[in-house]
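**Q** Quick one, entry13.cif (mmCIF, C-alpha atoms):
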data_model
#
loop_
_atom_site.label_atom_id
_atom_site.label_comp_id
_atom_site.auth_asym_id
_atom_site.auth_seq_id
_atom_site.Cartn_x
_atom_site.Cartn_y
_atom_site.Cartn_z
CA MET A 646 73.42 109.63 193.32
CA THR A 647 76.54 110.63 195.23
CA THR A 648 77.05 112.30 198.58
CA GLN A 649 79.78 114.57 199.88
CA THR A 650 79.88 115.38 203.58
CA GLY A 651 80.47 118.88 204.84
CA ALA A 652 80.40 120.49 208.28
CA GLY A 653 79.08 123.76 209.62
CA ALA A 654 81.15 126.25 211.53
CA ASP A 655 80.47 124.44 214.81
CA GLY A 656 81.72 121.11 213.41
CA ALA A 657 78.29 119.47 213.70
CA ARG A 658 76.78 117.56 210.81
CA ALA A 659 75.16 120.14 208.50
CA SER A 660 71.83 120.00 206.65
CA ARG A 661 71.78 118.45 203.22
CA ILE A 662 71.61 120.17 199.88
CA LEU A 663 70.72 118.46 196.59
CA VAL A 664 72.58 119.35 193.39
CA VAL A 665 70.91 118.09 190.19
CA ASP A 666 72.77 118.36 186.86
CA ASP A 667 73.39 115.91 184.04
CA GLU A 668 76.95 117.14 183.61
CA GLU A 669 79.38 115.73 186.15
CA ILE A 670 81.72 118.74 186.03
CA ASN A 671 78.87 121.05 187.04
CA ARG A 672 77.93 118.76 189.90
CA LEU A 673 81.53 118.71 191.13
CA ILE A 674 81.88 122.51 190.94
CA LEU A 675 78.67 123.16 192.90
CA ALA A 676 79.46 120.42 195.42
CA ALA A 677 82.85 121.98 196.04
CA LEU A 678 81.24 125.40 196.64
CA PHE A 679 78.89 124.11 199.33
CA GLU A 680 80.68 121.19 200.94
CA GLU A 681 81.90 123.26 203.90
CA HIS A 682 78.35 124.37 204.62
CA PHE A 683 76.24 121.31 203.82
CA GLU A 684 76.25 117.61 203.26
CA VAL A 685 76.01 117.65 199.46
CA VAL A 686 73.89 115.04 197.66
CA THR A 687 74.05 114.94 193.85
CA ALA A 688 71.73 113.53 191.20
CA SER A 689 72.48 113.19 187.48
CA ASP A 690 68.93 113.60 186.16
CA GLY A 691 65.44 114.73 187.09
CA GLN A 692 64.03 111.28 187.75
CA GLU A 693 66.78 110.49 190.24
CA ALA A 694 66.23 113.85 191.91
CA LEU A 695 62.50 113.16 192.30
CA GLU A 696 63.18 109.78 193.87
CA VAL A 697 65.63 111.30 196.36
CA LEU A 698 63.37 114.21 197.29
CA LEU A 699 60.17 112.23 197.63
CA ALA A 700 61.91 109.60 199.73
CA ASP A 701 62.91 112.26 202.28
CA PRO A 702 60.94 115.48 201.60
CA GLY A 703 62.05 117.15 204.80
CA GLY A 704 65.68 116.21 204.58
CA PHE A 705 67.07 119.01 202.39
CA ALA A 706 67.88 122.63 203.09
CA ALA A 707 67.90 123.57 199.38
CA VAL A 708 67.82 122.14 195.86
CA LEU A 709 70.01 123.36 192.96
CA LEU A 710 68.26 122.14 189.82
CA ASP A 711 69.50 122.25 186.24
CA VAL A 712 66.90 123.09 183.58
CA MET A 713 68.27 121.31 180.52
CA MET A 714 68.51 117.55 181.18
CA PRO A 715 67.51 114.49 179.13
CA ASN A 716 64.36 112.52 179.96
CA VAL A 717 63.00 114.46 182.96
CA ASP A 718 64.19 118.08 182.79
CA GLY A 719 64.18 120.71 185.52
CA MET A 720 60.80 122.20 184.60
CA GLU A 721 59.19 118.75 184.71
CA VAL A 722 60.68 118.17 188.16
CA LEU A 723 59.08 121.42 189.33
CA LYS A 724 55.72 120.41 187.88
CA ARG A 725 55.79 117.05 189.69
CA LEU A 726 56.90 118.59 192.97
CA LYS A 727 54.31 121.40 192.93
CA PRO A 728 51.35 119.29 194.18
CA THR A 729 53.39 117.88 197.07
CA GLY A 730 53.86 121.26 198.76
CA LEU A 731 57.62 120.66 199.00
CA LEU A 732 58.43 123.82 197.01
CA GLU A 733 56.85 125.87 199.80
CA ARG A 734 59.14 124.31 202.41
CA VAL A 735 62.43 123.89 200.53
CA PRO A 736 63.97 126.65 198.35
CA VAL A 737 64.71 125.50 194.79
CA PHE A 738 67.26 127.33 192.64
CA LEU A 739 67.06 126.78 188.89
CA ILE A 740 70.45 126.47 187.12
CA THR A 741 70.29 127.66 183.54
CA ALA A 742 72.12 129.51 180.80
CA GLU A 743 68.72 130.22 179.22
CA ARG A 744 66.92 133.05 181.01
CA GLY A 745 64.08 133.73 178.62
CA ASN A 746 60.97 135.39 180.03
CA ALA A 747 58.73 132.40 179.33
CA VAL A 748 60.97 129.99 181.25
CA MET A 749 61.41 132.36 184.16
CA GLU A 750 57.71 133.16 184.39
CA GLU A 751 56.72 129.48 184.36
CA ALA A 752 59.42 128.58 186.91
CA TYR A 753 58.33 131.33 189.32
CA ARG A 754 54.69 130.27 188.94
CA LEU A 755 55.63 126.72 189.88
CA GLY A 756 57.46 127.94 192.99
CA VAL A 757 61.16 128.26 192.16
CA MET A 758 62.95 130.60 194.55
CA ASP A 759 65.69 132.05 192.30
CA PHE A 760 67.89 131.46 189.26
CA ILE A 761 71.58 130.56 189.10
CA GLY A 762 73.07 131.61 185.78
CA LYS A 763 75.75 129.71 183.90
CA PRO A 764 78.67 130.12 184.02
CA VAL A 765 78.50 130.06 187.82
CA VAL A 766 79.95 132.99 189.80
CA PRO A 767 81.02 131.19 193.00
CA TYR A 768 80.79 133.88 195.70
CA VAL A 769 77.48 135.19 194.30
CA VAL A 770 75.89 131.72 194.22
CA VAL A 771 77.08 130.81 197.71
CA ARG A 772 75.90 134.09 199.22
CA ARG A 773 72.46 133.92 197.57
CA VAL A 774 71.84 130.29 198.47
CA LEU A 775 72.99 130.66 202.09
CA SER A 776 70.88 133.80 202.56
CA VAL A 777 67.73 132.13 201.26
CA VAL A 778 68.34 128.97 203.30
CA GLU A 779 68.73 131.10 206.43
CA LEU A 780 65.52 132.93 205.55
CA PHE A 781 63.63 129.65 205.21
CA GLU A 782 65.08 128.35 208.47
CA ALA A 783 64.08 131.55 210.26
CA ARG A 784 60.58 131.21 208.86
CA LYS A 785 60.39 127.61 210.09
CA ARG A 786 61.55 128.66 213.56
CA LEU A 787 58.99 131.45 213.61
CA SER A 788 56.27 129.06 212.50
CA LEU A 789 57.20 126.61 215.26
CA THR A 790 57.23 129.43 217.81
CA VAL A 791 53.82 130.66 216.67
CA GLU A 792 52.40 127.13 216.80
CA ASP A 793 53.87 126.62 220.27
CA GLN A 794 52.32 129.89 221.44
CA ARG A 795 49.00 128.91 219.87
CA LEU A 796 49.02 125.61 221.75
CA GLN A 797 49.90 127.41 224.98
CA LEU A 798 47.01 129.84 224.47
CA LEU A 799 44.64 126.95 223.79
CA GLU A 800 45.82 125.21 226.94
CA ARG A 801 45.31 128.38 228.99
CA ALA A 802 41.87 128.88 227.46
CA GLU A 803 40.93 125.32 228.40
CA GLN A 804 42.19 125.92 231.93
CA ILE A 805 40.07 129.08 232.17
CA ILE A 806 37.03 127.20 230.86
CA GLU A 807 37.56 124.46 233.44
CA LEU A 808 38.00 127.09 236.16
CA ASN A 809 34.76 128.77 235.08
CA ARG A 810 32.96 125.44 235.09
CA GLY A 811 34.31 124.68 238.55
CA MET A 812 33.20 128.05 239.89
CA ILE A 813 29.74 127.65 238.36
CA GLU A 814 29.36 124.17 239.84
CA SER A 815 30.62 125.34 243.24
CA LEU A 816 28.25 128.33 243.31
CA SER A 817 25.29 126.21 242.27
CA ALA A 818 26.13 123.49 244.80
CA ALA A 819 26.57 126.08 247.57
CA ILE A 820 23.06 127.39 246.88
CA GLU A 821 21.71 123.84 247.10
CA PHE A 822 23.37 123.44 250.52
CA ARG A 823 21.11 126.19 251.88
CA ASP A 824 17.95 124.08 251.57
CA GLY A 825 19.58 120.89 252.79
CA GLU A 826 20.76 119.49 249.46
CA SER A 827 24.13 117.78 249.09
CA GLY A 828 24.96 119.53 245.85
CA GLU A 829 24.42 116.30 243.89
CA HIS A 830 21.08 117.65 242.67
CA VAL A 831 22.73 120.00 240.17
CA ARG A 832 25.06 117.26 238.95
CA ARG A 833 22.09 114.95 238.34
CA ILE A 834 20.19 117.69 236.52
CA HIS A 835 23.27 118.18 234.33
CA ASP A 836 23.46 114.45 233.54
CA ILE A 837 19.72 114.03 232.91
CA THR A 838 19.68 117.06 230.60
CA ARG A 839 22.67 115.80 228.68
CA THR A 840 21.20 112.30 228.36
CA MET A 841 17.87 113.64 227.10
CA LEU A 842 19.43 115.88 224.46
CA LEU A 843 22.05 113.41 223.24
CA GLU A 844 20.12 110.14 223.33
CA THR A 845 16.57 111.07 222.31
CA PRO A 846 15.02 112.84 219.32
CA PHE A 847 14.23 115.80 221.58
CA GLY A 848 17.79 117.01 221.05
CA GLU A 849 17.60 116.94 217.24
CA GLY A 850 19.16 120.00 215.61
CA LEU A 851 21.49 120.69 218.52
CA SER A 852 25.23 120.28 218.04
CA ALA A 853 27.42 118.53 220.60
CA GLU A 854 28.70 121.96 221.64
CA ASP A 855 25.11 123.20 222.11
CA VAL A 856 24.34 120.21 224.32
CA ASP A 857 27.45 120.83 226.44
CA ASP A 858 26.46 124.47 226.88
CA ILE A 859 22.87 123.59 227.80
CA ALA A 860 23.99 120.92 230.27
CA LEU A 861 26.32 123.45 231.91
CA ALA A 862 23.53 126.03 231.96
CA SER A 863 21.20 123.54 233.65
CA ILE A 864 23.47 123.54 236.68
CA MET A 865 22.48 127.16 237.28
CA HIS A 866 18.70 126.63 237.05
CA ASP A 867 18.10 127.41 240.75
CA VAL A 868 20.76 130.09 241.20
CA GLY A 869 17.99 132.57 242.10
CA LYS A 870 17.33 130.70 245.34
CA ILE A 871 20.20 132.68 246.79
CA ALA A 872 17.71 135.56 247.11
CA ILE A 873 15.07 133.49 248.95
CA PRO A 874 15.00 133.86 252.79
CA ASP A 875 16.06 130.79 254.78
CA ALA A 876 12.72 130.73 256.62
CA ILE A 877 11.01 129.95 253.31
CA LEU A 878 13.71 128.02 251.51
CA CYS A 879 14.36 125.64 254.43
CA LYS A 880 10.80 125.40 255.78
CA PRO A 881 9.92 121.73 256.60
CA GLY A 882 6.43 121.37 255.19
CA ARG A 883 3.98 123.15 252.90
CA LEU A 884 4.48 126.82 252.12
CA THR A 885 1.68 129.30 252.60
CA ALA A 886 0.32 131.02 249.52
CA GLU A 887 2.33 134.15 250.37
CA GLU A 888 5.50 132.14 250.96
CA PHE A 889 5.03 130.30 247.68
CA GLU A 890 4.78 133.61 245.83
CA VAL A 891 8.15 134.57 247.30
CA MET A 892 9.61 131.16 246.38
CA LYS A 893 8.44 131.58 242.79
CA THR A 894 10.60 134.68 242.43
CA HIS A 895 13.74 132.53 242.40
CA THR A 896 13.15 132.17 238.64
CA THR A 897 13.22 135.88 237.85
CA GLN A 898 15.88 136.54 240.48
CA GLY A 899 18.09 133.89 238.87
CA ALA A 900 17.78 135.41 235.40
CA VAL A 901 18.59 138.88 236.76
CA LEU A 902 21.55 137.60 238.76
CA LEU A 903 23.08 135.84 235.75
CA GLY A 904 22.60 138.97 233.66
CA ARG A 905 24.57 140.98 236.19
CA ILE A 906 27.72 138.84 235.93
CA PRO A 907 29.70 140.35 233.00
CA GLN A 908 32.01 137.35 232.71
CA MET A 909 29.02 135.07 232.14
CA ARG A 910 28.21 136.76 228.85
CA SER A 911 31.38 135.37 227.25
CA LEU A 912 30.26 131.78 227.89
CA GLY A 913 28.34 129.86 225.26
CA ALA A 914 26.07 128.65 228.06
CA TYR A 915 24.96 132.18 229.00
CA ARG A 916 21.85 132.56 226.84
CA TYR A 917 20.68 129.07 227.80
CA ALA A 918 21.35 129.71 231.50
CA VAL A 919 19.25 132.89 231.64
CA ASP A 920 16.34 131.23 229.81
CA ILE A 921 16.49 128.06 231.92
CA ALA A 922 16.74 129.95 235.22
CA ARG A 923 13.63 131.98 234.34
CA HIS A 924 11.50 129.35 232.61
CA HIS A 925 12.21 125.91 234.09
CA HIS A 926 8.91 126.12 236.05
CA GLU A 927 6.77 126.99 233.04
CA ARG A 928 4.23 124.30 232.05
CA TRP A 929 2.99 123.01 228.71
CA ASP A 930 -0.61 124.09 229.51
CA GLY A 931 0.46 127.64 230.38
CA ARG A 932 -0.17 127.27 234.12
CA GLY A 933 3.47 127.55 235.18
CA TYR A 934 5.46 130.59 236.29
CA PRO A 935 6.74 133.30 236.08
CA ASP A 936 5.50 134.22 232.59
CA GLY A 937 2.70 131.73 231.97
CA LEU A 938 4.30 130.46 228.75
CA ALA A 939 2.50 127.61 226.98
CA GLY A 940 3.43 124.95 224.45
CA ASP A 941 6.36 125.73 222.18
CA GLU A 942 6.68 129.20 223.71
CA ILE A 943 8.85 127.35 226.23
CA SER A 944 12.32 126.59 224.84
CA PRO A 945 13.23 122.89 224.47
CA TRP A 946 16.09 123.24 226.97
CA ALA A 947 13.86 124.86 229.61
CA GLN A 948 11.34 122.03 229.08
CA VAL A 949 14.01 119.37 229.55
CA VAL A 950 15.45 120.97 232.69
CA GLY A 951 11.94 121.48 234.10
CA LEU A 952 11.14 117.78 233.74
CA ALA A 953 14.57 116.75 235.08
CA ASP A 954 14.03 119.01 238.11
CA VAL A 955 10.62 117.44 238.87
CA TYR A 956 11.92 113.88 238.48
CA ASP A 957 14.89 114.53 240.75
CA ALA A 958 12.74 116.31 243.35
CA LEU A 959 10.26 113.44 243.46
CA THR A 960 12.79 110.62 243.69
CA ASN A 961 14.93 112.27 246.38
CA ARG A 962 14.25 113.41 249.91
CA ARG A 963 13.76 117.14 250.46
CA VAL A 964 13.57 119.18 253.64
CA TYR A 965 9.80 119.36 253.16
CA LYS A 966 9.18 115.73 252.07
CA PRO A 967 10.52 112.16 251.91
CA ALA A 968 11.45 110.50 248.59
CA PHE A 969 8.91 108.80 246.36
CA THR A 970 9.66 105.47 244.77
CA ARG A 971 10.73 105.52 241.15
CA GLU A 972 7.47 103.90 240.06
CA GLU A 973 5.30 106.36 241.99
CA SER A 974 7.35 109.29 240.67
CA LEU A 975 6.82 108.19 237.07
CA ARG A 976 3.09 107.70 237.67
CA MET A 977 2.73 111.20 239.13
CA ILE A 978 4.62 112.76 236.23
CA CYS A 979 2.62 110.90 233.56
CA ASP A 980 -0.73 111.56 235.32
CA GLY A 981 -0.05 115.29 235.41
CA GLU A 982 0.11 115.56 239.21
CA CYS A 983 3.27 117.67 238.94
CA GLY A 984 2.17 119.91 236.09
CA ALA A 985 1.67 119.44 232.36
CA PHE A 986 4.57 118.44 230.13
CA ASN A 987 5.05 118.28 226.38
CA PRO A 988 3.74 114.79 225.34
CA ARG A 989 6.69 114.35 222.98
CA LEU A 990 9.10 115.27 225.79
CA LEU A 991 7.47 112.69 228.08
CA GLU A 992 7.74 110.04 225.37
CA CYS A 993 11.46 110.73 224.93
CA PHE A 994 11.99 110.83 228.68
CA LEU A 995 10.36 107.42 229.21
CA GLU A 996 12.64 105.93 226.54
CA VAL A 997 15.79 106.80 228.49
CA GLU A 998 14.43 106.82 232.05
CA PRO A 999 15.95 103.38 232.85
CA ALA A 1000 19.38 104.81 231.99
CA ILE A 1001 18.63 107.96 234.01
CA ALA A 1002 17.53 105.85 236.99
CA ARG A 1003 20.97 104.29 237.04
CA LEU A 1004 22.35 107.72 238.00
CA TYR A 1005 20.69 107.16 241.37
CA GLU A 1006 22.16 103.75 242.12
CA GLY A 1007 23.65 103.76 245.61
CA ALA A 1008 21.61 106.80 246.66
CA GLU A 1009 18.86 106.74 249.31
CA ALA A 1010 16.01 104.54 248.11
CA PRO A 1011 13.32 106.50 246.45
CA GLU A 1012 7.92 108.14 248.85
CA THR A 1013 4.96 114.08 248.52
CA GLU A 1014 3.05 116.68 248.28
CA GLY A 1015 4.91 118.03 245.22
CA GLU A 1016 8.16 119.79 244.37
CA ARG A 1017 8.99 123.44 244.73
#
Represent the supplied structure as structure tokens.
**A**
Amino acid sequence: MTTQTGAGADGARASRILVVDDEEINRLILAALFEEHFEVVTASDGQEALEVLLADPGGFAAVLLDVMMPNVDGMEVLKRLKPTGLLERVPVFLITAERGNAVMEEAYRLGVMDFIGKPVVPYVVVRRVLSVVELFEARKRLSLTVEDQRLQLLERAEQIIELNRGMIESLSAAIEFRDGESGEHVRRIHDITRTMLLETPFGEGLSAEDVDDIALASIMHDVGKIAIPDAILCKPGRLTAEEFEVMKTHTTQGAVLLGRIPQMRSLGAYRYAVDIARHHHERWDGRGYPDGLAGDEISPWAQVVGLADVYDALTNRRVYKPAFTREESLRMICDGECGAFNPRLLECFLEVEPAIARLYEGAEAPETEGER
């Protein structure tokens, strides 16, 4: 292998071009044609050419390849390069005096860009090679530009997603502030829901993306409370039967509200959010509200959020009650004092409850007459 150095018009080191021919005079002629445009590397046979190309597959602007050579000929070089994908990135020109249809057809199938006939016509060869090299370079630049734009769009999409998440969390937390909550309630519901679906068999069949969407949707479970009057929502003590009927409407109000936000429909969490908002107070025995669903009529995600909501309400102080201890809260849930739950759901919940309890470390110690 030999190398001749050339320079581009700006004097900077040019890209390399590989000339492969078993006849030295042909290598010298072609090197002389391109030395002012490229750094010219030459190889005297196909095996040497393969070694050079595979050692630095991205280092050449073009390859000029003779067909008729001993040992490894030009067609064999093409066949060995085809699986590497190099022929799609670097234009290869086949040098031949033989331009039979069979050779040309096979060469084009393998990925050759064009043919250079012998004897060489200098200005024709130079013009054709430079034009194709420029075409390939332009295609590379376009590809890089498109990839850069794609990455920018992905980054903007991620920023929009994060903004949407932030707005959802802020809205949900603001609603919690109305009845004396710190806003941590929705964050705990998110974490409990995620833990249940990722770490127990109750989440089987759900993808990681599904779980993320459901956990985000859980944050909006009480969004309908925005429609409940302060006198009821913030009342310290038991609600009257009439007041409780009004409170129960936060489920249907939440589903309606979410359905009226057009931007919500583009989120993967949307269908989960509407279902959870409406059905997180349904009960396994059909005695919940608003629709009296029973058993598996209640979606798994609404079941999980419903249990998470009860657990969090029991173990934390509310405007209408103090906090129960963790042990008393678990007893009340398992004894059915807070409604009926899917036995399988309870089993899964008890498996991970110690991990869930750690979410409350540092919070006010968990001692009511039920949750709303």
**Q** Expanded to explicit residues, what is the PyMOL selection byres ((chain A and resi 663) around 8) for this file, as a ChimeraX atom specification?
**A** /A:661-662,664-665,685-688,694,705,707-709
**Q** Keeping only C-alpha atoms, write the selected residues as a PDB file, in the coordinates of the input.
**A**
ATOM      1  CA  ARG A 661      71.780 118.450 203.220  1.00  0.00           C
ATOM      2  CA  ILE A 662      71.610 120.170 199.880  1.00  0.00           C
ATOM      3  CA  VAL A 664      72.580 119.350 193.390  1.00  0.00           C
ATOM      4  CA  VAL A 665      70.910 118.090 190.190  1.00  0.00           C
ATOM      5  CA  VAL A 685      76.010 117.650 199.460  1.00  0.00           C
ATOM      6  CA  VAL A 686      73.890 115.040 197.660  1.00  0.00           C
ATOM      7  CA  THR A 687      74.050 114.940 193.850  1.00  0.00           C
ATOM      8  CA  ALA A 688      71.730 113.530 191.200  1.00  0.00           C
ATOM      9  CA  ALA A 694      66.230 113.850 191.910  1.00  0.00           C
ATOM     10  CA  PHE A 705      67.070 119.010 202.390  1.00  0.00           C
ATOM     11  CA  ALA A 707      67.900 123.570 199.380  1.00  0.00           C
ATOM     12  CA  VAL A 708      67.820 122.140 195.860  1.00  0.00           C
ATOM     13  CA  LEU A 709      70.010 123.360 192.960  1.00  0.00           C
TER      14      LEU A 709
END
**Q** Which residue out of A:Val831, A:Ala900, A:Leu723, A:Val949 has the minimum interatomic distance to Trp929 in chain A when only C-alpha atoms are used?
**A**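 Of all the options, A:Val949 lies closest to Trp929 in chain A.
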**Q** Going by the chain IDs and residue numbers used in this file, which residues fall under the PyMOL selection byres ((chain A and resi 751-767) around 7)? Write them as a PyMOL selection string.
**A** chain A and resi 678+720+723-724+727+732+736-742+747-750+768-771
**Q** Please provide as a ChimeraX atom specification all residues within 9 Å of Asn987 in chain A, with the sequence filter that same-chain residues fewer than 6 positions apart are discarded (counting all atoms listed in the file).
**A** /A:928-930,940-941,948
**Q** Produce a file of the selected residues containing C-alpha atoms, as a compact mmCIF listing (two decimals), in the coordinates of the input.
**A**
# COMPACT_ATOMS: atom_id res chain seq x y z
CA ARG A 928 4.23 124.30 232.05
CA TRP A 929 2.99 123.01 228.71
CA ASP A 930 -0.61 124.09 229.51
CA GLY A 940 3.43 124.95 224.45
CA ASP A 941 6.36 125.73 222.18
CA GLN A 948 11.34 122.03 229.08
**Q** Could you tell me how far CA of Ser660 in chain A sits from CA of His682 in chain A, in Å to one decimal place?
**A**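 Here the two named atoms are 8.1 Å from each other.
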**Q** Nearest to Pro715 in chain A among A:Ser689, A:Leu884, A:Val778, A:Val735, with distances taken over only C-alpha atoms: which residue is it?
**A**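 Among the listed residues, the smallest separation from Pro715 in chain A belongs to A:Ser689.
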**Q** With a distance cut-off of 8 Å and only C-alpha atoms, select the neighbouring residues of Phe847 in chain A, excluding the residue or stretch itself and same-chain residues fewer than 6 positions from it, and output the selection as number ranges by chain.
**A** A: 841, 945, 989-990, 993
**Q** Between A:Arg839, A:Phe994, A:His926, A:Arg963, which one has atoms that come closest to Leu878 in chain A, using all atoms listed in the file?
**A**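 The closest residue to Leu878 in chain A is A:Arg963.
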**Q** Quote the spacing between CA of Phe986 in chain A and CA of Tyr956 in chain A in Å to one decimal place.
**A**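 Those two atoms sit 12.0 Å apart.
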**Q** Hey, what comes out of the PyMOL selection byres ((chain A and resi 894) around 12) on this file? Could you write it as a VMD selection string?
**A** chain A and resid 867 to 874 877 to 878 887 to 893 895 to 902 922 to 924 926 934 to 936 1017
